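Notes follow the structure.
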Amino acid sequence: MDFLVAHGSSILFFLFALAAVIGALGVVTLRNPMFGAVSLLVTFLCVAVLFLLRHAEFVAIVQIFVYGGGIMVLFLFVIMLVDQHQLMESDKYGGHWWLAVLAALLLAAVFITAFLPVSFADPPVAPPAFSNVEGVARGNSEAIAWSLYRQYLLPFEIVSVFLLVAMIGAVVLGRKQ
Amino acid sequence: MSTLLDVGTLHYLVLSALLFLIGTIGIVVRRNMITVLMSIELVLNSVNINLIAFSFSHGDLTGQIFAIFTIAVAAGEAAVGLGILIALFRLRQTTELDQARELSG
Amino acid sequence: MRWLWLIPVLPFLGAFLNGVVLRDRLGKKGVWMVACGSVLAALLVSVLAISGYLGSEQYSAHEPFEQSVYEWIPAGSMGLDDGSFADVSVEMGFLLDPLSCVMLFVVTFVGFWIHWFSVGYMDHEPGFQRYFTYLNLFMGMMLMLVLGNNYLVTFVGWEGVGLCSYLLIGFYFDEEFPPYAGRKAFIVNRVGDLAFLAGMFALVAHFGTLNYEKLFGTIEAEPALVQGDYVLGMTLATFVTLALFIGATGKSAQIPLHVWLPDAMAGPTPVSALIHAATMVTAGVYIVVRSNVLYQLAHGTSELVAIIGALTAIFAATIGLAQTDIKKVLAYSTVSQLGYMFLACGVGAYTAAIFHLMTHAFFKGLMFLGSGSVIHAMSGEQDMRKMGGLKEHLPWTYRTFVAGTLAIAGAPLLAGFFSKDQILAATWADHKLLWVVGLVTAGLTACYMFRLLFMTFHGPFRGSEEQHHHLHESPPSMTIPLIVLAVGAVFSGYVGIPKLGSIDINVFDHFVGQVVAHVGHGEHHASLGIELFLMALSVVVAFAGWWLARKYYGGDRGLAEGERWAAKFPTVHRWLFNKYYVDEAYDATAVRGTWACARGLFRFDSKFIDGVLVNGSRHLTVGISLLSGFFDKYFVDGLVNLVGVVSQSGSRFFRRLQTGLVSQYALVLLIGMAMLVWFYVVVGLRR
């Protein structure tokens, strides 16, 4: 029990990280896209929990809403729109999957060589910047709002324009000729 | 053992790298375009994990802000990608990437 | 006076309108209205300018009026003969002084009436518009010549009138002779122009300016400047005057460059009147008088001018005795009279030269126009042997012609009497032998002019029946200019009545005399008694000439007497009729020589240059090109093909990479990304 109390957050991390990896593997390996989508949903939710563990409450909620809600619904709609039967029939992998795995391993090796020599600073508690607004503790959402609407107002507006363009693009592409 | 169990930024980076590699393998090996798109979402999520981890590590809010932007971009990407998929399906009655070989030399 | 620059511009404008803008668009009437209108405007502006100048303070102060239009050639700093440097600049400028006043008036006045005459004369000719374009161009150039305030502007006009002369002599270019005559005139003039240029170069190299006022002012103030030894044992004054005089012999048809003028009669008759009698050919006299300062400082040249002038005068007059072509007689008469003018210049009587120039412009212009009227009536016939008895058919032409003949012959109280008498008087004072020559020439002049008059207008008609049928007096458009010029021929002498003792009413002499400098060699004046004696003598000589002509050609004698007389002295007649064989001599020497030279050069060309150089280089080139052909074929082409082969096989390999499979592209992307990250992270961190 002591172990659980002392390492509660670590246990949660390993638990959800494992679930996220399994979900990701499901996405890549499952033949049926519908199952793949559900598997992806599992990964999204697990990652959201991991965000919470790193004290990114607002981002976690956005992750659940946007990924778990919006994007996932979009995928499910499209999967239902296209012919399931045809999707099932095709081969799962292309011809060079072993090459791809080799390249991925190469990349992993690069990552490992990059990560190992570095020591990262790890503050034990949540940084005050995550919840303080002008020195007063208000909460993560308000802190992000302050930052987003003041410091990052221009990128924010650009992103909104980008979303508008993406929306128009999607509508044009999806339209019947 | 204690260092392994003591979860820090490195753990998140390793998780992020794993998800990234799984996503890239998915992108490269799968023939179904829907799955490829989902793999891309995985890659983007792994990036978000990185951002959040470093944000915590540095005690700076900017990483979180950036994650939100990434999510927005991912949403747009998904919308457009799925639009292309629908258009391709209308044209070829399939979502297999191998069927679209117009760029073949 | 402010509008001085407009005077040459107006005829240019007319030429531009007729020649470039309008062409034939307004018809004949438009053409001659533009042509005559522009010259009339020039005449009016000239009269206004002259009267303005005469009323101005500058005239009272004996100063010329100068107008600089723009700086034409800013030549910058130039090293002079004496080692110093000067800012040399030639401006497009005009000068109005008594000399150019006279020239200006003569040119525009006579020019206008000849334009008017041309309207009738050229009416039935093709090329009406071309004719008037050239004629206007000539007027502009001539006005530039007489108005220029420096040698270069004058030279532009000088060359310009030469060009127009060439164009108009060769006006009937579809016939054989006129283009030849035009070329001859042009080439002979080039010889003189070369000398003119040399004179200008010497002046600008020595003084750094070509401006008349500056140049002559400097020289007049310090005559020693031009009297030092210059080149070939000559002083600068001698060199320059000699060069200018050679130019003048070309333009004014003096021995030995006189040969072009008689041939120039191939042009339309009004052209002969305007260019080859009244204006252009007198340009040589003008330039000598203009440069009188230099001539006065160059005794040798002055003497040469006088000798050449006297020689030309008697030489041309004797030829005139034997010619049968009406225009040829007038042409030689012109040469002879120009000789008189140069004689006057040579003995220092510059005003007399200009005076004779003016009266000559009137009476010779008149007679050329009269001959034009005759030729017009005779349907183009120019041979006097086929004429005769025209006075009944052409009464006005006859009357005016008589006036002109009397004037040139020196009949008392007519224009030629005064001007010629002044020249003879001045020559008497300077050089007795030349005076004899001049006096004999005066007699000869009267003789051949009356011969012409008698052969043409008196006696029986000797032409064909058809010509007789067509005989008609010219229309008023042609007779009015004749009458106007006849009035000029009769009365223009009164502006220069010679000084007799204390009675001095010679307006002209005082007027033009202002431009004559008084350095060294000046004009000698004879005493009153001698003056009167000379006058009487010249009248007697003129009368003798008339008597001779009348004896052989007058009344109804026709040609018989004259031919009988000619048969008595066959050698003399042959020499005179063939113009002393000068043309033949030139043909045998200069022309043949040039031809032989050209043939030699041609042979050199065809044998050496074509044979050895051109063909040799051809063989060489062929050999080299064969070599380079091999090189091209095997080396260069080989390289080119190599590039082709390499890129072809390369592309055959690379196109296989282009599968169109997105997955494969993603794979390549992945590998590339791995390598990049490896590079940045590992290599970057290690550093």
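Each chain of the structure tokens is named A, B, ... in the order shown, its residues numbered from 1; ligands are numbered from 1 in display order.
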Quick one: which stretch 6-105 of chain B residues come within 7 Å of stretch 123-143 of chain A, and what is the nearest atom pair for each with the distance in Å to one decimal, counting only C-alpha atoms, rows ordered by chain and ascending number, as a tab-separated table?
residue	atom	partner	partner_atom	distance
B:Phe56	CA	A:Pro127	CA	6.9
B:Ser57	CA	A:Pro123	CA	6.5
B:Gly59	CA	A:Pro127	CA	4.9
B:Asp60	CA	A:Ala129	CA	6.2
B:Leu61	CA	A:Phe130	CA	5.8
Distance-based interface of chain B with chain A, 6 Å, counting only C-alpha atoms, as a JSON list (two decimals) with C-alpha atoms, in the first residue's frame:
[["chain", "number", "residue", "atom", "x", "y", "z"],
["B", 7, "VAL", "CA", 8.60, 8.59, -13.78],
["B", 21, "LEU", "CA", 7.53, 4.80, -34.44],
["B", 25, "ILE", "CA", 5.30, 2.17, -39.45],
["B", 26, "GLY", "CA", 1.53, 2.40, -39.86],
["B", 29, "VAL", "CA", 3.09, -0.23, -44.35],
["B", 30, "ARG", "CA", -0.70, 0.03, -44.36],
["B", 31, "ARG", "CA", -2.50, 0.18, -47.69],
["B", 57, "SER", "CA", 9.97, 19.94, -17.33],
["B", 59, "GLY", "CA", 7.74, 24.92, -15.99],
["B", 61, "LEU", "CA", 3.08, 27.21, -20.29],
["B", 76, "GLY", "CA", -7.89, 20.41, -39.90],
["B", 79, "ALA", "CA", -10.93, 16.94, -42.11],
["B", 80, "VAL", "CA", -9.02, 17.58, -45.33],
["B", 83, "GLY", "CA", -12.24, 14.79, -47.71]]
Problem set entry | Residues flagged strand (DSSP E or B) by DSSP in stretch 23-177 of chain A, as a PyMOL selection string | chain A and resi 93+132-133+136-137
Please report, as a Markdown table, each residue of chain C lying at most 8 Å from chain A, together with the nearest pair of atoms and the separation in Å rounded to one decimal; use only C-alpha atoms, and order rows by chain and ascending residue number.
| residue | atom | partner | partner_atom | distance |
| --- | --- | --- | --- | --- |
| C:Ser663 | CA | A:Gly94 | CA | 7.6 |
| C:Gln664 | CA | A:His96 | CA | 7.9 |
| C:Leu667 | CA | A:Ala100 | CA | 6.3 |
| C:Leu670 | CA | A:Ala103 | CA | 7.0 |
| C:Ile671 | CA | A:Ala103 | CA | 5.9 |
| C:Ala674 | CA | A:Leu107 | CA | 5.1 |
| C:Val677 | CA | A:Val110 | CA | 7.3 |
| C:Trp678 | CA | A:Val110 | CA | 5.6 |
| C:Val681 | CA | A:Ala114 | CA | 5.9 |
| C:Val682 | CA | A:Ala114 | CA | 6.1 |
Exercise. Distance atom CA of C:Leu152-atom CA of C:Leu210, one decimal place?
Worked result: 6.9 Å
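Atom pair atom CA of C:Glu584 / atom CA of C:Gln323: separated by 16.6 Å.
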Interface, chain C side, toward chain B (12 Å; only C-alpha atoms) as a short mmCIF file (atom, residue, chain, number, x, y, z; two decimals) with N, CA, C and O atoms, in the first residue's frame:
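In the end it all went to iface30.cif:
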data_model
loop_
_atom_site.label_atom_id
_atom_site.label_comp_id
_atom_site.auth_asym_id
_atom_site.auth_seq_id
_atom_site.Cartn_x
_atom_site.Cartn_y
_atom_site.Cartn_z
N SER C 651 17.92 8.06 -66.54
CA SER C 651 16.48 8.21 -66.31
C SER C 651 15.79 6.86 -66.34
O SER C 651 14.79 6.64 -65.65
N ARG C 652 16.34 5.93 -67.14
CA ARG C 652 15.72 4.59 -67.16
C ARG C 652 15.79 3.98 -65.76
O ARG C 652 14.92 3.26 -65.33
N PHE C 653 16.93 4.31 -65.08
CA PHE C 653 17.07 3.80 -63.72
C PHE C 653 16.16 4.54 -62.75
O PHE C 653 15.43 3.95 -61.97
N PHE C 654 16.19 5.89 -62.89
CA PHE C 654 15.48 6.67 -61.87
C PHE C 654 13.97 6.59 -62.00
O PHE C 654 13.27 6.75 -61.02
N ARG C 655 13.50 6.30 -63.23
CA ARG C 655 12.04 6.28 -63.36
C ARG C 655 11.44 5.10 -62.59
O ARG C 655 10.28 5.09 -62.25
N ARG C 656 12.29 4.11 -62.35
CA ARG C 656 11.77 2.97 -61.58
C ARG C 656 11.49 3.38 -60.15
O ARG C 656 10.63 2.80 -59.49
N LEU C 657 12.22 4.37 -59.66
CA LEU C 657 11.96 4.85 -58.30
C LEU C 657 10.61 5.54 -58.21
O LEU C 657 9.99 5.60 -57.16
N GLN C 658 10.18 6.08 -59.34
CA GLN C 658 8.94 6.86 -59.36
C GLN C 658 7.77 5.90 -59.52
O GLN C 658 7.16 5.81 -60.56
N THR C 659 7.45 5.21 -58.45
CA THR C 659 6.43 4.16 -58.57
C THR C 659 5.03 4.71 -58.49
O THR C 659 4.09 4.08 -58.93
N GLY C 660 4.87 5.88 -57.89
CA GLY C 660 3.53 6.41 -57.67
C GLY C 660 2.91 5.85 -56.40
O GLY C 660 1.79 6.20 -56.06
N LEU C 661 3.66 5.00 -55.72
CA LEU C 661 3.11 4.45 -54.47
C LEU C 661 3.44 5.39 -53.32
O LEU C 661 4.60 5.64 -53.01
N VAL C 662 2.37 5.91 -52.67
CA VAL C 662 2.56 6.87 -51.60
C VAL C 662 3.34 6.24 -50.46
O VAL C 662 4.17 6.89 -49.84
N SER C 663 3.10 4.98 -50.26
CA SER C 663 3.78 4.31 -49.15
C SER C 663 5.28 4.33 -49.33
O SER C 663 6.03 4.56 -48.37
N GLN C 664 5.69 4.09 -50.55
CA GLN C 664 7.13 4.10 -50.78
C GLN C 664 7.72 5.49 -50.58
O GLN C 664 8.81 5.64 -50.03
N TYR C 665 6.97 6.49 -51.03
CA TYR C 665 7.44 7.85 -50.81
C TYR C 665 7.56 8.13 -49.33
O TYR C 665 8.54 8.71 -48.87
N ALA C 666 6.57 7.68 -48.59
CA ALA C 666 6.60 7.88 -47.14
C ALA C 666 7.79 7.17 -46.53
O ALA C 666 8.44 7.68 -45.62
N LEU C 667 8.10 6.00 -47.09
CA LEU C 667 9.26 5.25 -46.58
C LEU C 667 10.55 6.03 -46.80
O LEU C 667 11.36 6.19 -45.88
N VAL C 668 10.69 6.52 -48.02
CA VAL C 668 11.90 7.31 -48.32
C VAL C 668 11.96 8.52 -47.41
O VAL C 668 13.01 8.87 -46.87
N LEU C 669 10.81 9.12 -47.22
CA LEU C 669 10.72 10.27 -46.32
C LEU C 669 11.20 9.88 -44.92
O LEU C 669 11.97 10.60 -44.28
N LEU C 670 10.75 8.72 -44.49
CA LEU C 670 11.10 8.23 -43.15
C LEU C 670 12.60 8.03 -43.03
O LEU C 670 13.23 8.49 -42.06
N ILE C 671 13.18 7.39 -44.03
CA ILE C 671 14.62 7.15 -43.99
C ILE C 671 15.38 8.47 -43.97
O ILE C 671 16.28 8.69 -43.15
N MET C 673 14.30 11.29 -42.96
CA MET C 673 14.08 11.97 -41.68
C MET C 673 14.99 11.37 -40.61
O MET C 673 15.58 12.09 -39.80
N ALA C 674 15.10 10.03 -40.62
CA ALA C 674 15.97 9.37 -39.65
C ALA C 674 17.39 9.88 -39.77
O ALA C 674 18.04 10.22 -38.77
#
For this session: Return as number ranges by chain the full set of residues in stretch 181-374 of chain C whose backbone-based DSSP assignment is helix (DSSP H, G or I).
Result: C: 181-207, 212-221, 223-226, 236-251, 260-266, 269-278, 280-290, 292-296, 299-322, 326-346, 350-374
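Between atom CA of C:Met449 and atom CA of C:Trp396 lies a distance of 18.0 Å.
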